[in-house]
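Here's the structure, in structure tokens; my notes come after.
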Amino acid sequence: QVQLVESGGGSVQAGGSLRLSCAASGRTFSTRAMGWFRQTPGKERSFVASIRWNDGNTYYADSMKDRFAISRDFAKSTMYLQMNSLKPEDTAVYYCATSYIPIDGGTYSYRYYYNYWGQGTQVTVSS
């Protein structure tokens with residue numbers, strides 16, 4: 001079992017920044033990748049970014065790769081999402097997730113690859 005706890009969400013004006021954190025505990029030694037997804041009411045959860053746990057390779061949704069940065073602290077089993085130049089359309093609940101599935105060369109951009117999810121943290125960007 002793995003427990004994921006997100007933090008760092010909140011309200012910010014357009015153009016501002018937020019840094020989300022996701023702390024993992026429990027059976028973290030089997031982690032292959034971690035990712036961030038977001039969801040707005042009535043829509044499916046969509047990919048934001050992912051990071052392969054061992055080599056640190058990162059992947060982003062096209063609309064976010066110039067504004068967001070995913071990182072991880074291996075020793076703390078914590079993942080981060082630095083979000084800059086935020087836009088109102090970034091408003092959503094942001095979820096972190098962890099995957100045990102080994103995927104050679106994969107980007108971990110599909111939510112079905114993930115085994116555990118956090119409870120979500122709300123990000124609201126006002127214009």
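So you can find residues: chains in the structure tokens are A, B, ... in the order shown, residues in each start at 1, and ligands are numbered from 1 in order.
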**OP:** Find the residues near stretch 99-107 of chain A: any atom within 8 Å, counting only C-alpha atoms, skip ones fewer than 6 places away on the same chain, and give them as an MDAnalysis selection string.
**Re:** chainID A and resid 30:34 50 58:59 113:116
Keeping only N, CA, C and O atoms, take the residues you just selected and write them out as a compact mmCIF listing (two decimals), in the first residue's frame.
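Just written: again_27.txt:
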# COMPACT_ATOMS: atom_id res chain seq x y z
N SER A 30 8.88 0.29 -4.73
CA SER A 30 8.51 -0.30 -6.02
C SER A 30 8.07 0.74 -7.05
O SER A 30 7.64 0.40 -8.14
N THR A 31 8.19 2.01 -6.71
CA THR A 31 7.73 3.07 -7.61
C THR A 31 8.53 3.08 -8.90
O THR A 31 9.75 3.09 -8.88
N ARG A 32 7.84 3.11 -10.03
CA ARG A 32 8.47 3.25 -11.34
C ARG A 32 8.31 4.66 -11.88
O ARG A 32 9.19 5.16 -12.59
N ALA A 33 7.23 5.29 -11.55
CA ALA A 33 6.99 6.66 -12.02
C ALA A 33 5.93 7.30 -11.14
O ALA A 33 5.15 6.62 -10.48
N MET A 34 5.93 8.61 -11.16
CA MET A 34 4.86 9.38 -10.52
C MET A 34 4.38 10.42 -11.49
O MET A 34 5.12 10.85 -12.38
N SER A 50 4.71 13.81 -15.83
CA SER A 50 5.14 12.61 -15.14
C SER A 50 6.65 12.59 -15.04
O SER A 50 7.36 13.28 -15.79
N THR A 58 11.47 13.28 -17.51
CA THR A 58 10.19 13.97 -17.33
C THR A 58 9.42 14.08 -18.63
O THR A 58 10.01 14.11 -19.72
N TYR A 59 8.11 14.15 -18.52
CA TYR A 59 7.22 14.24 -19.67
C TYR A 59 6.09 15.20 -19.30
O TYR A 59 5.66 15.25 -18.16
N TYR A 113 -2.13 3.60 -16.05
CA TYR A 113 -0.85 3.05 -15.64
C TYR A 113 -0.61 3.19 -14.14
O TYR A 113 0.32 2.61 -13.60
N TYR A 114 -1.45 3.97 -13.49
CA TYR A 114 -1.17 4.33 -12.10
C TYR A 114 -1.95 3.46 -11.13
O TYR A 114 -3.11 3.13 -11.35
N ASN A 115 -1.27 3.13 -10.03
CA ASN A 115 -1.85 2.22 -9.04
C ASN A 115 -2.49 2.93 -7.85
O ASN A 115 -3.45 2.43 -7.28
N TYR A 116 -1.92 4.04 -7.47
CA TYR A 116 -2.43 4.76 -6.30
C TYR A 116 -2.55 6.24 -6.62
O TYR A 116 -1.74 6.79 -7.37
Give one line per residue of stretch 36-108 of chain A that approaches stretch 13-19 of chain A to at most 6 Å, naming the two atoms of the closest pair and their distance in Å to one decimal, counting only C-alpha atoms; sort by chain then ascending residue number and deliver it as JSON lines.
{"residue": "A:Leu81", "atom": "CA", "partner": "A:Arg19", "partner_atom": "CA", "distance": 5.6}
{"residue": "A:Gln82", "atom": "CA", "partner": "A:Arg19", "partner_atom": "CA", "distance": 4.4}
{"residue": "A:Met83", "atom": "CA", "partner": "A:Leu18", "partner_atom": "CA", "distance": 5.3}
{"residue": "A:Asn84", "atom": "CA", "partner": "A:Ser17", "partner_atom": "CA", "distance": 4.4}
{"residue": "A:Ser85", "atom": "CA", "partner": "A:Gly15", "partner_atom": "CA", "distance": 4.1}
{"residue": "A:Leu86", "atom": "CA", "partner": "A:Gly15", "partner_atom": "CA", "distance": 4.9}
{"residue": "A:Lys87", "atom": "CA", "partner": "A:Ala14", "partner_atom": "CA", "distance": 5.0}
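Relative to atom CA of A:Tyr95, atom CA of A:Arg45 is found at 8.7 Å.
One finds atom CA of A:Arg111 at 19.0 Å from atom CA of A:Gly56.
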Original post:
Using only C-alpha atoms, which residues sit within 7 Å of A:Val12 once same-chain residues fewer than 4 positions away are excluded, as a PyMOL selection string?
Top reply: chain A and resi 16+124-126
Original post:
Of the candidates A:Val5, A:Gly120, A:Cys22, A:Gln39, which shows the shortest atom-to-atom distance to A:Ile70, using only C-alpha atoms?
Top reply: A:Cys22
**OP:** Identify, with DSSP run on backbone atoms, the residues in stretch 50-116 of chain A assigned to helix (DSSP H, G or I), and express the list as a PyMOL selection string.
**Re:** chain A and resi 88-90+111-113
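With distances restricted to only C-alpha atoms, A:Thr91 is the closest residue to A:Ser127 from A:Gln3, A:Ser77, A:Trp53, A:Thr91.
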Original post:
Neighbours of A:Arg38 within 7 Å (only C-alpha atoms; same-chain residues fewer than 4 positions away dropped), as an MDAnalysis selection string?
Top reply: chainID A and resid 45:48 92:95
Okay, now the selection with all heavy atoms, as a PDB file, in the first residue's frame?
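Saved file selection-v3.pdb follows:
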ATOM      1  N   ARG A  45     -10.203  13.009 -16.038  1.00  0.00           N
ATOM      2  CA  ARG A  45      -8.913  13.388 -15.481  1.00  0.00           C
ATOM      3  C   ARG A  45      -7.873  13.373 -16.614  1.00  0.00           C
ATOM      4  O   ARG A  45      -7.763  12.409 -17.361  1.00  0.00           O
ATOM      5  CB  ARG A  45      -8.537  12.389 -14.386  1.00  0.00           C
ATOM      6  CG  ARG A  45      -7.521  12.865 -13.397  1.00  0.00           C
ATOM      7  CD  ARG A  45      -7.483  11.959 -12.191  1.00  0.00           C
ATOM      8  NE  ARG A  45      -8.721  12.027 -11.407  1.00  0.00           N
ATOM      9  CZ  ARG A  45      -8.875  11.426 -10.229  1.00  0.00           C
ATOM     10  NH1 ARG A  45      -7.881  10.715  -9.714  1.00  0.00           N
ATOM     11  NH2 ARG A  45     -10.020  11.534  -9.576  1.00  0.00           N
ATOM     12  N   SER A  46      -7.106  14.456 -16.727  1.00  0.00           N
ATOM     13  CA  SER A  46      -6.174  14.576 -17.848  1.00  0.00           C
ATOM     14  C   SER A  46      -4.736  14.695 -17.363  1.00  0.00           C
ATOM     15  O   SER A  46      -4.457  15.206 -16.271  1.00  0.00           O
ATOM     16  CB  SER A  46      -6.540  15.780 -18.713  1.00  0.00           C
ATOM     17  OG  SER A  46      -6.435  16.976 -17.975  1.00  0.00           O
ATOM     18  N   PHE A  47      -3.842  14.246 -18.198  1.00  0.00           N
ATOM     19  CA  PHE A  47      -2.418  14.202 -17.893  1.00  0.00           C
ATOM     20  C   PHE A  47      -1.819  15.604 -17.848  1.00  0.00           C
ATOM     21  O   PHE A  47      -2.095  16.438 -18.708  1.00  0.00           O
ATOM     22  CB  PHE A  47      -1.712  13.356 -18.946  1.00  0.00           C
ATOM     23  CG  PHE A  47      -0.214  13.341 -18.847  1.00  0.00           C
ATOM     24  CD1 PHE A  47       0.417  12.688 -17.800  1.00  0.00           C
ATOM     25  CD2 PHE A  47       0.553  13.970 -19.800  1.00  0.00           C
ATOM     26  CE1 PHE A  47       1.791  12.651 -17.714  1.00  0.00           C
ATOM     27  CE2 PHE A  47       1.932  13.944 -19.738  1.00  0.00           C
ATOM     28  CZ  PHE A  47       2.553  13.289 -18.693  1.00  0.00           C
ATOM     29  N   VAL A  48      -0.978  15.823 -16.860  1.00  0.00           N
ATOM     30  CA  VAL A  48      -0.243  17.082 -16.748  1.00  0.00           C
ATOM     31  C   VAL A  48       1.249  16.832 -16.969  1.00  0.00           C
ATOM     32  O   VAL A  48       1.862  17.419 -17.846  1.00  0.00           O
ATOM     33  CB  VAL A  48      -0.467  17.732 -15.363  1.00  0.00           C
ATOM     34  CG1 VAL A  48       0.407  18.961 -15.206  1.00  0.00           C
ATOM     35  CG2 VAL A  48      -1.941  18.083 -15.171  1.00  0.00           C
ATOM     36  N   ALA A  92      -8.405  23.665 -11.626  1.00  0.00           N
ATOM     37  CA  ALA A  92      -8.788  22.261 -11.586  1.00  0.00           C
ATOM     38  C   ALA A  92      -8.403  21.680 -10.234  1.00  0.00           C
ATOM     39  O   ALA A  92      -7.699  22.326  -9.445  1.00  0.00           O
ATOM     40  CB  ALA A  92      -8.088  21.476 -12.692  1.00  0.00           C
ATOM     41  N   VAL A  93      -8.844  20.466  -9.997  1.00  0.00           N
ATOM     42  CA  VAL A  93      -8.306  19.678  -8.896  1.00  0.00           C
ATOM     43  C   VAL A  93      -7.122  18.894  -9.448  1.00  0.00           C
ATOM     44  O   VAL A  93      -7.245  18.202 -10.460  1.00  0.00           O
ATOM     45  CB  VAL A  93      -9.353  18.720  -8.303  1.00  0.00           C
ATOM     46  CG1 VAL A  93      -8.730  17.873  -7.202  1.00  0.00           C
ATOM     47  CG2 VAL A  93     -10.549  19.507  -7.768  1.00  0.00           C
ATOM     48  N   TYR A  94      -6.000  19.014  -8.791  1.00  0.00           N
ATOM     49  CA  TYR A  94      -4.783  18.350  -9.230  1.00  0.00           C
ATOM     50  C   TYR A  94      -4.534  17.121  -8.361  1.00  0.00           C
ATOM     51  O   TYR A  94      -4.560  17.205  -7.123  1.00  0.00           O
ATOM     52  CB  TYR A  94      -3.596  19.306  -9.152  1.00  0.00           C
ATOM     53  CG  TYR A  94      -3.600  20.317 -10.268  1.00  0.00           C
ATOM     54  CD1 TYR A  94      -4.540  21.342 -10.312  1.00  0.00           C
ATOM     55  CD2 TYR A  94      -2.680  20.234 -11.320  1.00  0.00           C
ATOM     56  CE1 TYR A  94      -4.575  22.251 -11.347  1.00  0.00           C
ATOM     57  CE2 TYR A  94      -2.692  21.156 -12.364  1.00  0.00           C
ATOM     58  CZ  TYR A  94      -3.642  22.151 -12.367  1.00  0.00           C
ATOM     59  OH  TYR A  94      -3.660  23.056 -13.400  1.00  0.00           O
ATOM     60  N   TYR A  95      -4.285  16.005  -9.034  1.00  0.00           N
ATOM     61  CA  TYR A  95      -4.054  14.740  -8.359  1.00  0.00           C
ATOM     62  C   TYR A  95      -2.654  14.225  -8.653  1.00  0.00           C
ATOM     63  O   TYR A  95      -2.189  14.300  -9.794  1.00  0.00           O
ATOM     64  CB  TYR A  95      -5.049  13.685  -8.841  1.00  0.00           C
ATOM     65  CG  TYR A  95      -6.483  13.980  -8.535  1.00  0.00           C
ATOM     66  CD1 TYR A  95      -7.272  14.701  -9.433  1.00  0.00           C
ATOM     67  CD2 TYR A  95      -7.074  13.524  -7.352  1.00  0.00           C
ATOM     68  CE1 TYR A  95      -8.606  14.973  -9.154  1.00  0.00           C
ATOM     69  CE2 TYR A  95      -8.410  13.789  -7.079  1.00  0.00           C
ATOM     70  CZ  TYR A  95      -9.162  14.514  -7.977  1.00  0.00           C
ATOM     71  OH  TYR A  95     -10.479  14.770  -7.702  1.00  0.00           O
TER      72      TYR A  95
END
**OP:** Run DSSP on the backbone and give me the residues of stretch 6-93 of chain A it puts in strand (DSSP E), as a ChimeraX atom specification.
**Re:** /A:6-7,10-13,18-26,33-39,46-52,58-60,68-73,78-83,92-93
With C-alpha atoms retained, export the selected residues as a short mmCIF file (atom, residue, chain, number, x, y, z; two decimals), in the first residue's frame.
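And here's again_12.cif as it stands now:
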data_model
loop_
_atom_site.label_atom_id
_atom_site.label_comp_id
_atom_site.auth_asym_id
_atom_site.auth_seq_id
_atom_site.Cartn_x
_atom_site.Cartn_y
_atom_site.Cartn_z
CA GLU A 6 -0.85 16.46 -1.96
CA SER A 7 -0.35 19.98 -0.71
CA GLY A 10 -4.77 27.42 -3.48
CA SER A 11 -5.98 30.52 -5.23
CA VAL A 12 -3.80 32.73 -7.36
CA GLN A 13 -4.24 35.42 -9.97
CA LEU A 18 2.12 27.72 -7.25
CA ARG A 19 4.16 24.73 -6.19
CA LEU A 20 2.38 21.48 -5.51
CA SER A 21 3.91 18.71 -3.43
CA CYS A 22 3.05 15.04 -3.24
CA ALA A 23 4.50 13.07 -0.35
CA ALA A 24 4.49 9.29 -0.67
CA SER A 25 4.65 6.85 2.19
CA GLY A 26 4.36 3.10 2.57
CA ALA A 33 6.99 6.66 -12.02
CA MET A 34 4.86 9.38 -10.52
CA GLY A 35 2.58 11.76 -12.26
CA TRP A 36 0.26 14.72 -11.98
CA PHE A 37 -3.21 14.80 -13.47
CA ARG A 38 -5.97 17.36 -13.23
CA GLN A 39 -9.72 17.30 -13.44
CA SER A 46 -6.17 14.58 -17.85
CA PHE A 47 -2.42 14.20 -17.89
CA VAL A 48 -0.24 17.08 -16.75
CA ALA A 49 3.25 15.69 -16.23
CA SER A 50 5.14 12.61 -15.14
CA ILE A 51 8.57 11.64 -13.92
CA ARG A 52 10.28 8.29 -14.09
CA THR A 58 10.19 13.97 -17.33
CA TYR A 59 7.22 14.24 -19.67
CA TYR A 60 4.59 16.94 -20.09
CA PHE A 68 5.24 23.67 -15.51
CA ALA A 69 8.17 21.75 -14.10
CA ILE A 70 7.96 18.36 -12.41
CA SER A 71 10.68 17.16 -10.08
CA ARG A 72 11.26 14.67 -7.32
CA ASP A 73 13.25 14.31 -4.16
CA THR A 78 8.24 13.47 -2.66
CA MET A 79 7.26 14.82 -6.05
CA TYR A 80 6.73 18.45 -6.94
CA LEU A 81 4.98 20.44 -9.63
CA GLN A 82 6.13 24.01 -10.09
CA MET A 83 3.45 25.88 -12.00
CA ALA A 92 -8.79 22.26 -11.59
CA VAL A 93 -8.31 19.68 -8.90
#
